[in-house]
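Next up, run08.txt (compact mmCIF, C-alpha atoms and all ligand atoms):
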```txt
# COMPACT_ATOMS: atom_id res chain seq x y z
CA MET A 1 25.95 -9.63 -8.64
CA LEU A 2 27.91 -6.41 -8.39
CA TYR A 3 26.44 -3.30 -6.85
CA GLN A 4 29.47 -0.99 -6.92
CA ARG A 5 27.78 1.93 -8.63
CA SER A 6 24.68 1.67 -6.41
CA SER A 7 26.92 1.75 -3.32
CA ALA A 8 28.85 4.77 -4.62
CA LEU A 9 25.61 6.61 -5.41
CA PHE A 10 24.28 5.79 -1.95
CA ALA A 11 27.42 7.19 -0.31
CA GLU A 12 26.99 10.42 -2.29
CA ALA A 13 23.24 10.62 -1.54
CA GLN A 14 23.88 10.37 2.19
CA LYS A 15 25.87 13.60 2.07
CA TYR A 16 22.83 15.58 0.99
CA ILE A 17 19.71 13.57 1.84
CA PRO A 18 19.00 12.25 5.37
CA GLY A 19 19.85 8.55 5.28
CA GLY A 20 20.42 8.90 1.52
CA VAL A 21 16.75 8.25 0.72
CA ASN A 22 13.48 10.13 0.46
CA SER A 23 11.43 7.42 2.16
CA PRO A 24 12.97 5.33 4.96
CA VAL A 25 12.09 1.76 3.86
CA ARG A 26 14.26 2.24 0.77
CA ALA A 27 17.43 2.50 2.88
CA PHE A 28 17.73 -1.30 3.52
CA LYS A 29 18.31 -0.70 7.24
CA ALA A 30 16.18 -3.69 8.25
CA VAL A 31 18.12 -6.04 6.00
CA GLY A 32 21.56 -4.42 5.99
CA GLY A 33 23.72 -3.51 3.00
CA ASP A 34 23.33 -0.66 0.56
CA PRO A 35 20.13 0.03 -1.35
CA ILE A 36 19.95 -0.60 -5.07
CA PHE A 37 19.78 2.50 -7.25
CA VAL A 38 17.49 2.04 -10.25
CA LYS A 39 18.36 3.31 -13.71
CA ARG A 40 15.27 2.19 -15.60
CA ALA A 41 12.51 -0.39 -15.61
CA LYS A 42 10.27 -2.11 -18.14
CA GLY A 43 7.47 -4.61 -17.59
CA ALA A 44 8.36 -6.89 -14.70
CA TYR A 45 12.04 -5.93 -14.59
CA LEU A 46 14.15 -3.34 -12.85
CA TYR A 47 17.58 -2.48 -14.31
CA ASP A 48 19.91 -0.99 -11.74
CA GLU A 49 22.86 1.37 -12.07
CA ASP A 50 25.22 -1.62 -12.27
CA ASP A 51 23.13 -3.04 -15.13
CA ASN A 52 21.77 -5.95 -13.13
CA ARG A 53 18.31 -7.14 -14.16
CA LEU A 54 16.00 -7.80 -11.22
CA ILE A 55 12.53 -9.36 -11.22
CA ASP A 56 10.45 -6.78 -9.37
CA TYR A 57 7.95 -7.74 -6.67
CA ILE A 58 7.24 -4.26 -5.31
CA ALA A 59 6.02 -2.44 -8.44
CA SER A 60 6.86 0.93 -6.87
CA TRP A 61 5.06 -0.31 -3.72
CA GLY A 62 1.86 -1.05 -5.60
CA PRO A 63 0.98 1.54 -8.25
CA LEU A 64 2.40 -0.30 -11.28
CA ILE A 65 -0.13 -3.11 -11.38
CA LEU A 66 0.36 -3.56 -15.13
CA GLY A 67 4.17 -3.39 -14.98
CA HIS A 68 6.75 -0.67 -15.44
CA ALA A 69 6.54 1.85 -18.28
CA HIS A 70 3.20 0.46 -19.42
CA GLU A 71 2.69 1.98 -22.89
CA PRO A 72 -0.86 3.44 -22.57
CA VAL A 73 0.07 5.16 -19.30
CA LEU A 74 3.39 6.37 -20.65
CA ASN A 75 1.85 7.75 -23.83
CA ALA A 76 -0.94 9.51 -21.94
CA VAL A 77 1.60 11.31 -19.75
CA ILE A 78 3.84 12.28 -22.67
CA GLU A 79 0.93 13.67 -24.71
CA LYS A 80 -0.44 15.58 -21.71
CA ALA A 81 2.95 17.08 -20.84
CA LYS A 82 3.11 18.68 -24.29
CA LEU A 83 0.08 20.79 -23.32
CA GLY A 84 1.63 22.14 -20.11
CA THR A 85 2.52 20.53 -16.81
CA SER A 86 0.49 22.38 -14.17
CA PHE A 87 -2.05 25.20 -14.13
CA GLY A 88 -3.55 25.50 -10.65
CA MET A 89 -6.88 25.80 -12.46
CA PRO A 90 -9.62 23.27 -13.19
CA THR A 91 -9.11 20.86 -16.09
CA GLU A 92 -11.54 18.49 -17.81
CA ILE A 93 -9.43 15.43 -17.12
CA GLU A 94 -10.02 15.74 -13.34
CA THR A 95 -13.75 15.18 -13.92
CA GLN A 96 -13.02 12.33 -16.34
CA LEU A 97 -10.92 10.48 -13.75
CA ALA A 98 -13.43 11.27 -10.99
CA GLN A 99 -16.32 9.94 -13.08
CA LEU A 100 -14.48 6.73 -13.93
CA ALA A 101 -13.35 6.10 -10.33
CA VAL A 102 -16.88 6.70 -9.01
CA SER A 103 -18.29 4.28 -11.60
CA MET A 104 -15.86 1.52 -10.55
CA VAL A 105 -16.06 1.75 -6.75
CA PRO A 106 -19.14 1.02 -4.61
CA ASN A 107 -20.54 3.50 -2.07
CA ILE A 108 -18.95 6.66 -3.42
CA ASP A 109 -20.58 9.58 -5.26
CA LYS A 110 -17.79 12.14 -5.15
CA ILE A 111 -14.01 12.06 -4.92
CA ARG A 112 -11.33 14.64 -4.09
CA PHE A 113 -7.83 14.23 -5.55
CA VAL A 114 -4.70 14.95 -3.53
CA ASN A 115 -1.04 14.05 -4.06
CA SER A 116 -0.38 11.00 -1.87
CA GLY A 117 -1.95 8.32 0.30
CA THR A 118 -0.75 10.21 3.37
CA GLU A 119 -2.66 13.31 2.31
CA ALA A 120 -5.74 11.24 1.46
CA CYS A 121 -5.94 9.60 4.90
CA MET A 122 -5.08 12.78 6.78
CA SER A 123 -7.79 14.73 4.93
CA ALA A 124 -10.35 11.92 5.20
CA VAL A 125 -9.98 11.85 8.98
CA ARG A 126 -10.42 15.63 9.12
CA LEU A 127 -13.59 15.23 7.04
CA ALA A 128 -14.84 12.43 9.33
CA ARG A 129 -14.26 14.64 12.37
CA GLY A 130 -15.89 17.65 10.72
CA TYR A 131 -18.89 15.59 9.61
CA THR A 132 -19.50 13.82 12.93
CA GLY A 133 -18.39 16.63 15.26
CA LYS A 134 -16.33 14.08 17.21
CA ASP A 135 -12.58 14.06 17.85
CA LYS A 136 -11.38 10.52 18.53
CA ILE A 137 -10.37 7.93 15.98
CA ILE A 138 -9.60 4.23 16.28
CA LYS A 139 -6.72 2.72 14.34
CA PHE A 140 -5.15 -0.74 14.47
CA ALA A 141 -1.65 -1.55 15.70
CA GLY A 142 0.59 -2.26 12.71
CA CYS A 143 -1.64 -0.47 10.22
CA TYR A 144 0.00 2.42 8.42
CA HIS A 145 -2.01 5.28 6.97
CA GLY A 146 0.84 7.53 5.92
CA HIS A 147 2.97 9.76 8.07
CA SER A 148 0.59 12.39 9.36
CA ASP A 149 0.70 12.91 13.13
CA SER A 150 -2.55 11.16 14.13
CA PHE A 151 -1.44 7.90 12.50
CA LEU A 152 2.09 7.56 13.87
CA ILE A 153 0.84 5.63 16.86
CA GLN A 154 1.90 1.97 16.69
CA ALA A 155 2.27 2.43 12.95
CA GLY A 156 3.46 -0.29 10.59
CA SER A 157 5.66 -0.06 7.47
CA GLY A 158 8.83 2.05 7.78
CA ALA A 159 7.75 3.40 11.17
CA VAL A 160 8.02 -0.02 12.81
CA THR A 161 10.88 -1.16 10.59
CA PHE A 162 12.97 1.69 11.98
CA GLY A 163 11.79 1.38 15.56
CA SER A 164 9.59 4.49 15.63
CA PRO A 165 6.01 3.17 15.64
CA ASN A 166 5.24 6.19 17.88
CA SER A 167 7.32 8.93 16.29
CA PRO A 168 8.95 11.72 18.29
CA GLY A 169 7.39 15.00 17.20
CA VAL A 170 3.81 13.77 17.60
CA THR A 171 2.37 15.75 20.51
CA GLU A 172 0.59 14.08 23.42
CA GLY A 173 -2.43 16.17 22.57
CA THR A 174 -2.63 14.60 19.12
CA ALA A 175 -1.79 11.08 20.31
CA LYS A 176 -4.55 11.05 22.92
CA ASP A 177 -7.23 11.21 20.23
CA THR A 178 -5.91 8.10 18.44
CA LEU A 179 -7.13 4.94 20.14
CA LEU A 180 -5.41 1.68 19.37
CA ALA A 181 -7.15 -1.63 18.65
CA THR A 182 -5.87 -5.07 17.65
CA TYR A 183 -6.29 -6.24 14.05
CA ASN A 184 -8.63 -9.22 13.70
CA ASP A 185 -9.95 -8.69 17.24
CA ILE A 186 -13.42 -7.15 17.19
CA GLU A 187 -13.64 -7.25 20.99
CA SER A 188 -10.68 -4.86 21.23
CA VAL A 189 -12.67 -2.38 19.13
CA ARG A 190 -15.87 -2.94 21.10
CA ALA A 191 -14.01 -2.22 24.36
CA LEU A 192 -12.68 1.10 23.02
CA VAL A 193 -16.09 2.11 21.71
CA GLU A 194 -17.67 1.35 25.10
CA ALA A 195 -14.99 3.28 26.99
CA ASN A 196 -15.34 6.29 24.66
CA LYS A 197 -19.08 6.24 24.04
CA GLY A 198 -20.23 8.92 21.59
CA GLU A 199 -16.72 10.34 21.13
CA ILE A 200 -15.43 8.40 18.15
CA ALA A 201 -15.58 9.94 14.68
CA THR A 202 -14.14 7.10 12.67
CA VAL A 203 -12.46 3.71 12.64
CA ILE A 204 -9.69 3.70 10.04
CA ILE A 205 -8.40 0.37 8.76
CA GLU A 206 -6.44 -1.22 5.93
CA PRO A 207 -9.13 -3.72 4.90
CA VAL A 208 -6.38 -6.12 3.86
CA ALA A 209 -3.33 -4.93 5.76
CA GLY A 210 -0.09 -4.48 3.82
CA ASN A 211 2.16 -2.66 6.26
CA MET A 212 2.89 -5.49 8.71
CA GLY A 213 3.30 -7.94 5.87
CA CYS A 214 0.06 -8.93 4.19
CA ILE A 215 -2.60 -9.66 6.81
CA ILE A 216 -6.03 -10.97 5.92
CA PRO A 217 -9.04 -9.89 7.98
CA SER A 218 -11.33 -12.67 9.17
CA ASP A 219 -14.87 -12.41 7.87
CA GLU A 220 -16.20 -12.17 11.40
CA PHE A 221 -13.84 -9.30 12.20
CA ILE A 222 -14.44 -7.15 9.14
CA LYS A 223 -18.21 -7.70 9.07
CA GLY A 224 -18.35 -7.14 12.83
CA LEU A 225 -16.53 -3.85 12.38
CA ARG A 226 -19.10 -2.67 9.83
CA GLU A 227 -21.94 -3.64 12.13
CA LEU A 228 -20.42 -1.97 15.16
CA CYS A 229 -19.74 1.28 13.29
CA THR A 230 -23.31 1.38 11.97
CA GLN A 231 -24.76 0.73 15.44
CA GLU A 232 -22.65 3.44 17.07
CA GLY A 233 -22.84 6.13 14.37
CA ILE A 234 -19.10 5.83 13.67
CA LEU A 235 -17.80 6.28 10.11
CA LEU A 236 -15.95 3.26 8.74
CA LEU A 237 -12.96 4.60 6.84
CA LEU A 238 -11.29 2.09 4.55
CA ASP A 239 -7.72 2.94 3.68
CA GLU A 240 -7.61 1.38 0.24
CA VAL A 241 -4.33 3.03 -0.73
CA MET A 242 -2.88 -0.46 -1.30
CA THR A 243 -6.03 -2.44 -2.09
CA GLY A 244 -7.95 0.09 -4.21
CA PHE A 245 -8.05 -0.88 -7.90
CA ARG A 246 -5.78 -3.83 -6.99
CA LEU A 247 -8.08 -6.40 -5.43
CA GLY A 248 -10.69 -5.72 -8.10
CA LYS A 249 -12.38 -2.72 -9.72
CA GLY A 250 -14.15 -2.05 -6.44
CA GLY A 251 -11.12 -2.83 -4.27
CA ALA A 252 -11.50 -4.46 -0.87
CA GLN A 253 -15.12 -3.35 -0.54
CA GLU A 254 -15.95 -5.63 -3.45
CA ALA A 255 -13.47 -8.39 -2.55
CA LEU A 256 -14.59 -8.61 1.10
CA GLY A 257 -18.24 -7.69 0.61
CA ILE A 258 -18.28 -4.72 2.99
CA ASP A 259 -19.50 -1.15 2.58
CA ALA A 260 -17.33 1.79 3.55
CA ASP A 261 -18.44 5.27 4.62
CA ILE A 262 -15.24 6.91 3.37
CA VAL A 263 -12.58 5.35 1.14
CA CYS A 264 -8.98 6.49 0.64
CA PHE A 265 -6.94 5.78 -2.45
CA GLY A 266 -3.34 6.16 -3.61
CA LYS A 267 -0.89 4.09 -5.64
CA VAL A 268 -2.83 2.45 -8.57
CA ILE A 269 -5.17 5.43 -8.97
CA GLY A 270 -2.15 7.51 -10.02
CA GLY A 271 -0.70 4.95 -12.42
CA GLY A 272 2.78 5.63 -11.01
CA LEU A 273 2.45 9.40 -10.67
CA PRO A 274 1.72 11.11 -7.34
CA VAL A 275 -2.04 10.84 -6.76
CA GLY A 276 -4.06 10.18 -3.65
CA ALA A 277 -7.81 10.55 -3.26
CA PHE A 278 -10.63 10.23 -0.77
CA ALA A 279 -14.23 9.59 -1.59
CA ALA A 280 -17.66 9.09 -0.02
CA LYS A 281 -21.37 9.63 -0.59
CA THR A 282 -22.46 13.19 -1.47
CA GLU A 283 -23.86 13.80 2.01
CA ILE A 284 -20.39 13.41 3.56
CA MET A 285 -18.36 14.96 0.74
CA SER A 286 -20.51 18.11 0.75
CA HIS A 287 -18.88 19.03 4.07
CA LEU A 288 -15.63 19.62 2.20
CA ALA A 289 -14.48 23.13 1.13
CA PRO A 290 -15.55 24.98 -0.94
CA GLU A 291 -19.01 23.39 -0.53
CA GLY A 292 -18.67 22.95 3.22
CA PRO A 293 -16.46 24.11 6.09
CA VAL A 294 -13.87 21.29 6.27
CA TYR A 295 -10.77 22.76 4.65
CA GLN A 296 -8.44 20.91 2.30
CA ALA A 297 -6.39 22.20 -0.65
CA GLY A 298 -3.27 21.69 -2.80
CA THR A 299 -1.35 23.51 -5.53
CA LEU A 300 -0.60 20.30 -7.42
CA SER A 301 -3.83 18.46 -6.58
CA GLY A 302 -5.45 17.17 -9.78
CA ASN A 303 -2.21 17.82 -11.67
CA PRO A 304 -2.82 17.11 -15.37
CA LEU A 305 0.09 14.68 -15.80
CA ALA A 306 -0.93 12.73 -12.71
CA MET A 307 -4.58 12.70 -13.85
CA ALA A 308 -3.53 11.50 -17.31
CA ALA A 309 -1.58 8.59 -15.80
CA GLY A 310 -4.45 7.73 -13.48
CA LEU A 311 -7.05 7.93 -16.22
CA ALA A 312 -5.02 5.72 -18.56
CA MET A 313 -4.45 3.18 -15.78
CA LEU A 314 -8.07 2.99 -14.59
CA THR A 315 -9.32 2.87 -18.19
CA GLU A 316 -7.10 -0.18 -18.78
CA LEU A 317 -8.36 -1.89 -15.61
CA ASN A 318 -11.98 -0.99 -16.33
CA ASN A 319 -11.77 -2.39 -19.86
CA LYS A 320 -9.81 -5.50 -18.87
CA PRO A 321 -11.12 -6.60 -15.47
CA GLU A 322 -9.76 -10.10 -16.16
CA VAL A 323 -6.40 -8.67 -15.10
CA PHE A 324 -7.40 -9.01 -11.41
CA GLU A 325 -8.08 -12.73 -11.87
CA SER A 326 -4.86 -13.16 -13.81
CA LEU A 327 -2.89 -11.47 -11.01
CA ALA A 328 -4.56 -13.55 -8.31
CA LYS A 329 -3.67 -16.73 -10.23
CA LYS A 330 -0.05 -15.66 -10.65
CA THR A 331 0.15 -14.83 -6.94
CA ALA A 332 -1.29 -18.25 -6.04
CA TYR A 333 1.30 -19.85 -8.36
CA LEU A 334 4.07 -17.90 -6.60
CA HIS A 335 2.66 -18.98 -3.23
CA GLU A 336 2.75 -22.66 -4.25
CA GLY A 337 6.29 -22.33 -5.61
CA LEU A 338 7.67 -20.55 -2.54
CA ASP A 339 5.93 -23.02 -0.27
CA SER A 340 7.35 -26.04 -2.11
CA VAL A 341 10.90 -24.76 -1.61
CA LEU A 342 10.57 -23.22 1.87
CA LYS A 343 9.33 -26.49 3.30
CA THR A 344 12.68 -28.08 2.42
CA LYS A 345 14.70 -25.39 4.23
CA GLY A 346 14.12 -26.42 7.82
CA VAL A 347 12.91 -23.02 9.07
CA PRO A 348 9.43 -22.15 10.33
CA TYR A 349 7.52 -19.88 7.97
CA GLN A 350 4.08 -18.59 7.10
CA ILE A 351 2.87 -17.29 3.75
CA ASN A 352 -0.04 -14.84 3.73
CA ARG A 353 -1.80 -14.05 0.46
CA PHE A 354 -4.85 -12.13 -0.71
CA GLY A 355 -5.40 -11.34 -4.41
CA SER A 356 -2.11 -9.97 -5.72
CA MET A 357 -0.65 -9.22 -2.26
CA ILE A 358 1.56 -11.78 -0.52
CA SER A 359 4.20 -11.92 2.23
CA VAL A 360 6.51 -14.49 3.82
CA HIS A 361 7.02 -14.49 7.60
CA PHE A 362 9.64 -16.63 9.34
CA THR A 363 7.64 -17.66 12.37
CA GLU A 364 5.84 -20.77 13.75
CA ASP A 365 2.40 -19.28 14.27
CA PRO A 366 -0.19 -17.83 11.90
CA VAL A 367 0.36 -14.12 11.27
CA VAL A 368 -2.95 -12.36 11.92
CA ASP A 369 -2.00 -9.09 13.61
CA PHE A 370 0.93 -6.89 14.50
CA GLU A 371 2.07 -8.98 17.47
CA SER A 372 2.25 -12.21 15.47
CA SER A 373 3.94 -10.41 12.57
CA ALA A 374 6.58 -8.91 14.88
CA LYS A 375 7.54 -12.42 16.04
CA GLY A 376 9.09 -13.12 12.62
CA ASN A 377 12.80 -13.95 12.73
CA ASN A 378 14.55 -11.00 11.11
CA ASP A 379 17.90 -12.80 10.77
CA THR A 380 16.27 -15.41 8.57
CA PHE A 381 14.42 -12.67 6.69
CA LYS A 382 17.74 -10.92 5.96
CA LYS A 383 19.23 -14.11 4.52
CA TYR A 384 16.09 -14.64 2.46
CA PHE A 385 16.05 -11.07 1.15
CA HIS A 386 19.75 -10.92 0.24
CA GLY A 387 19.78 -14.46 -1.14
CA MET A 388 16.94 -13.59 -3.49
CA LEU A 389 18.59 -10.32 -4.47
CA GLU A 390 21.86 -12.10 -5.27
CA ASN A 391 19.83 -14.32 -7.58
CA GLY A 392 18.08 -11.48 -9.39
CA VAL A 393 14.84 -11.08 -7.43
CA TYR A 394 13.85 -7.80 -5.77
CA LEU A 395 11.58 -8.22 -2.74
CA PRO A 396 10.44 -5.59 -0.21
CA PRO A 397 13.45 -4.88 2.03
CA SER A 398 11.43 -5.31 5.23
CA ALA A 399 9.32 -8.13 6.67
CA PHE A 400 6.69 -5.52 7.52
CA GLU A 401 5.75 -4.95 3.87
CA SER A 402 3.62 -6.80 1.35
CA TYR A 403 4.78 -7.79 -2.14
CA PHE A 404 2.73 -6.28 -4.97
CA LEU A 405 2.56 -8.39 -8.09
CA ASN A 406 2.24 -6.78 -11.50
CA ASP A 407 0.63 -8.38 -14.50
CA ALA A 408 3.75 -8.05 -16.65
CA LEU A 409 5.23 -10.88 -14.55
CA SER A 410 5.13 -14.10 -16.56
CA TYR A 411 4.86 -17.62 -15.21
CA ALA A 412 8.47 -18.07 -16.41
CA ASP A 413 9.49 -15.12 -14.18
CA ILE A 414 7.78 -16.79 -11.25
CA ASP A 415 9.54 -20.09 -12.04
CA GLU A 416 12.82 -18.15 -12.11
CA THR A 417 11.93 -16.67 -8.71
CA VAL A 418 11.24 -20.08 -7.22
CA ALA A 419 14.47 -21.44 -8.75
CA ALA A 420 16.30 -18.52 -7.11
CA LEU A 421 14.91 -19.50 -3.71
CA LYS A 422 16.29 -23.02 -4.13
CA LYS A 423 19.81 -21.51 -4.17
CA VAL A 424 19.29 -19.50 -0.97
CA ASN A 425 20.62 -20.76 2.39
CA LEU A 426 18.34 -19.75 5.24
N1 LIG A 501 5.70 3.21 3.05
C1 LIG A 501 5.82 2.56 1.78
C2 LIG A 501 5.52 1.11 1.87
N2 LIG A 501 4.51 0.74 2.76
C3 LIG A 501 7.19 2.72 1.23
C4 LIG A 501 7.25 3.83 0.29
C5 LIG A 501 8.63 4.03 -0.33
O1 LIG A 501 9.63 3.89 0.35
O2 LIG A 501 8.69 4.35 -1.51
```
Rewrite the structure from the file as structure tokens, please.
Ligand code: HOZ
Amino acid sequence: MLYQRSSALFAEAQKYIPGGVNSPVRAFKAVGGDPIFVKRAKGAYLYDEDDNRLIDYIASWGPLILGHAHEPVLNAVIEKAKLGTSFGMPTEIETQLAQLAVSMVPNIDKIRFVNSGTEACMSAVRLARGYTGKDKIIKFAGCYHGHSDSFLIQAGSGAVTFGSPNSPGVTEGTAKDTLLATYNDIESVRALVEANKGEIATVIIEPVAGNMGCIIPSDEFIKGLRELCTQEGILLLLDEVMTGFRLGKGGAQEALGIDADIVCFGKVIGGGLPVGAFAAKTEIMSHLAPEGPVYQAGTLSGNPLAMAAGLAMLTELNNKPEVFESLAKKTAYLHEGLDSVLKTKGVPYQINRFGSMISVHFTEDPVVDFESSAKGNNDTFKKYFHGMLENGVYLPPSAFESYFLNDALSYADIDETVAALKKVNL
């Protein structure tokens, strides 16, 4: 495939935008080569600036669960835009989306809309601190909760891909309040809780991790975490930016059978437009301004176009919940196909899958946490990534990311993906 125009556009972008991109993972640094510039997309396919057609396994990093340019979402945005694009005043559609989200997700009464997953997690932690009157938080190595200061401590996703899991610019004062535990290791959490008795406001976790590849929590771990938080009066904050409205109507809470105290959303809830949100029971949410003293605000929060996209998307998912089952089946089919080919290639590998999230790791041992994920052989990953790209398949350009399947993908697309892998030398 030719990527001349993408490469030329990347060269131009680098003159004016740091690294040529507005979010680091897009720059292909972990896999080498120039990023692909997209011209348009429809359903399961991306069409780049060189007119290559690529089968898409990132779906804009999760939001486009029903495929690109999904008609009901598209039409809702177009119709809304005709009425004006932003008011900075309340609109009815904010309540409509709030009501629908609250009806779909367990353990939440009220929800506040923001513009991104980063904002959602940052604000939710402030709320947890304001509500409990405690300062410290526990996060897990390799989990990524957006790029606000408190979370850039052993962070996954682009932060680890580019070698800055602890970013310069985060002050020691901020870092000291973020305690670091090991994913899937409840004893590591227990030890931190014991050592910081009565000082911890919240434990924040990706209930199924997607920023160190896809990592599945053991039942013992996730249930143990709930129990421990309840015992110690710590709020359990589920970062469902990736899993919310993807693993089921009720997200990971429903899929894993656990109850959260606060839940963060992003991605699917905005239907492909910039929306984040955080939600909890009334008792906690009433601490938020203007009802309570914990401040949080935003000029574009609850933007009508973003709300229209989110409402159309959640309405679709609410009316057709069979889509979650369909996606899980397609992901299992992809898993089987990749497995059948990878086992002929003579390299060690692991495939992790939960619902419509999946990742391939080139390593001997099971990938259950950040340490085991980081053992993956990046040279093999690069060959895999570029080999698939050459054969028309777009995967996340980093081993520290999950794939997100969309329901526009057909079984024929998945067969084409598996056939592509057969042609790749690892
Ligand atoms: N941090 C996102 C994936 N975990 C990537 C966002 C982007 O580059 O668009």
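With only C-alpha atoms and all ligand atoms counted, the chains near ligand LIG 501 (chain A) contribute these residues within 8 Å: Asn22, Ser23, Pro24, Val25, Arg26, Ser60, Trp61, Tyr144, Gly146, Gly156, Ser157, Gly158, Gly210, Asn211, Glu401 and Ser402 of chain A.
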A:Ile138 proximity check over A:Ser188, A:Asn107, A:Gln14, A:Ser116, using all atoms listed in the file: winner is A:Ser188
If you count all atoms listed in the file, which residues fall within 9 Å of stretch 169-175 of chain A, apart from same-chain ones fewer than 2 positions away, as a VMD selection string?
-> chain A and resid 148 to 153 166 to 167 177 to 179
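One finds atom CA of A:Ala155 at 24.3 Å from atom CA of A:Tyr394.
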Using all atoms listed in the file, which of the listed residues (A:Phe404, A:Thr282, A:Pro274, A:Met212) sits closest to A:His361?
->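 Of all the options, A:Met212 lies closest to A:His361.
Taking all atoms listed in the file, the non-local environment of stretch 219-222 of chain A within 9 Å (same-chain residues fewer than 5 positions away omitted) comprises Tyr183, Asn184, Asp185, Ile186, Pro207, Glu227, Leu256 and Ile258 of chain A.
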Counting only C-alpha atoms, the residue among A:Glu79, A:Asp56, A:Asp415, A:Glu12 that lies closest to A:Pro396 is A:Asp56
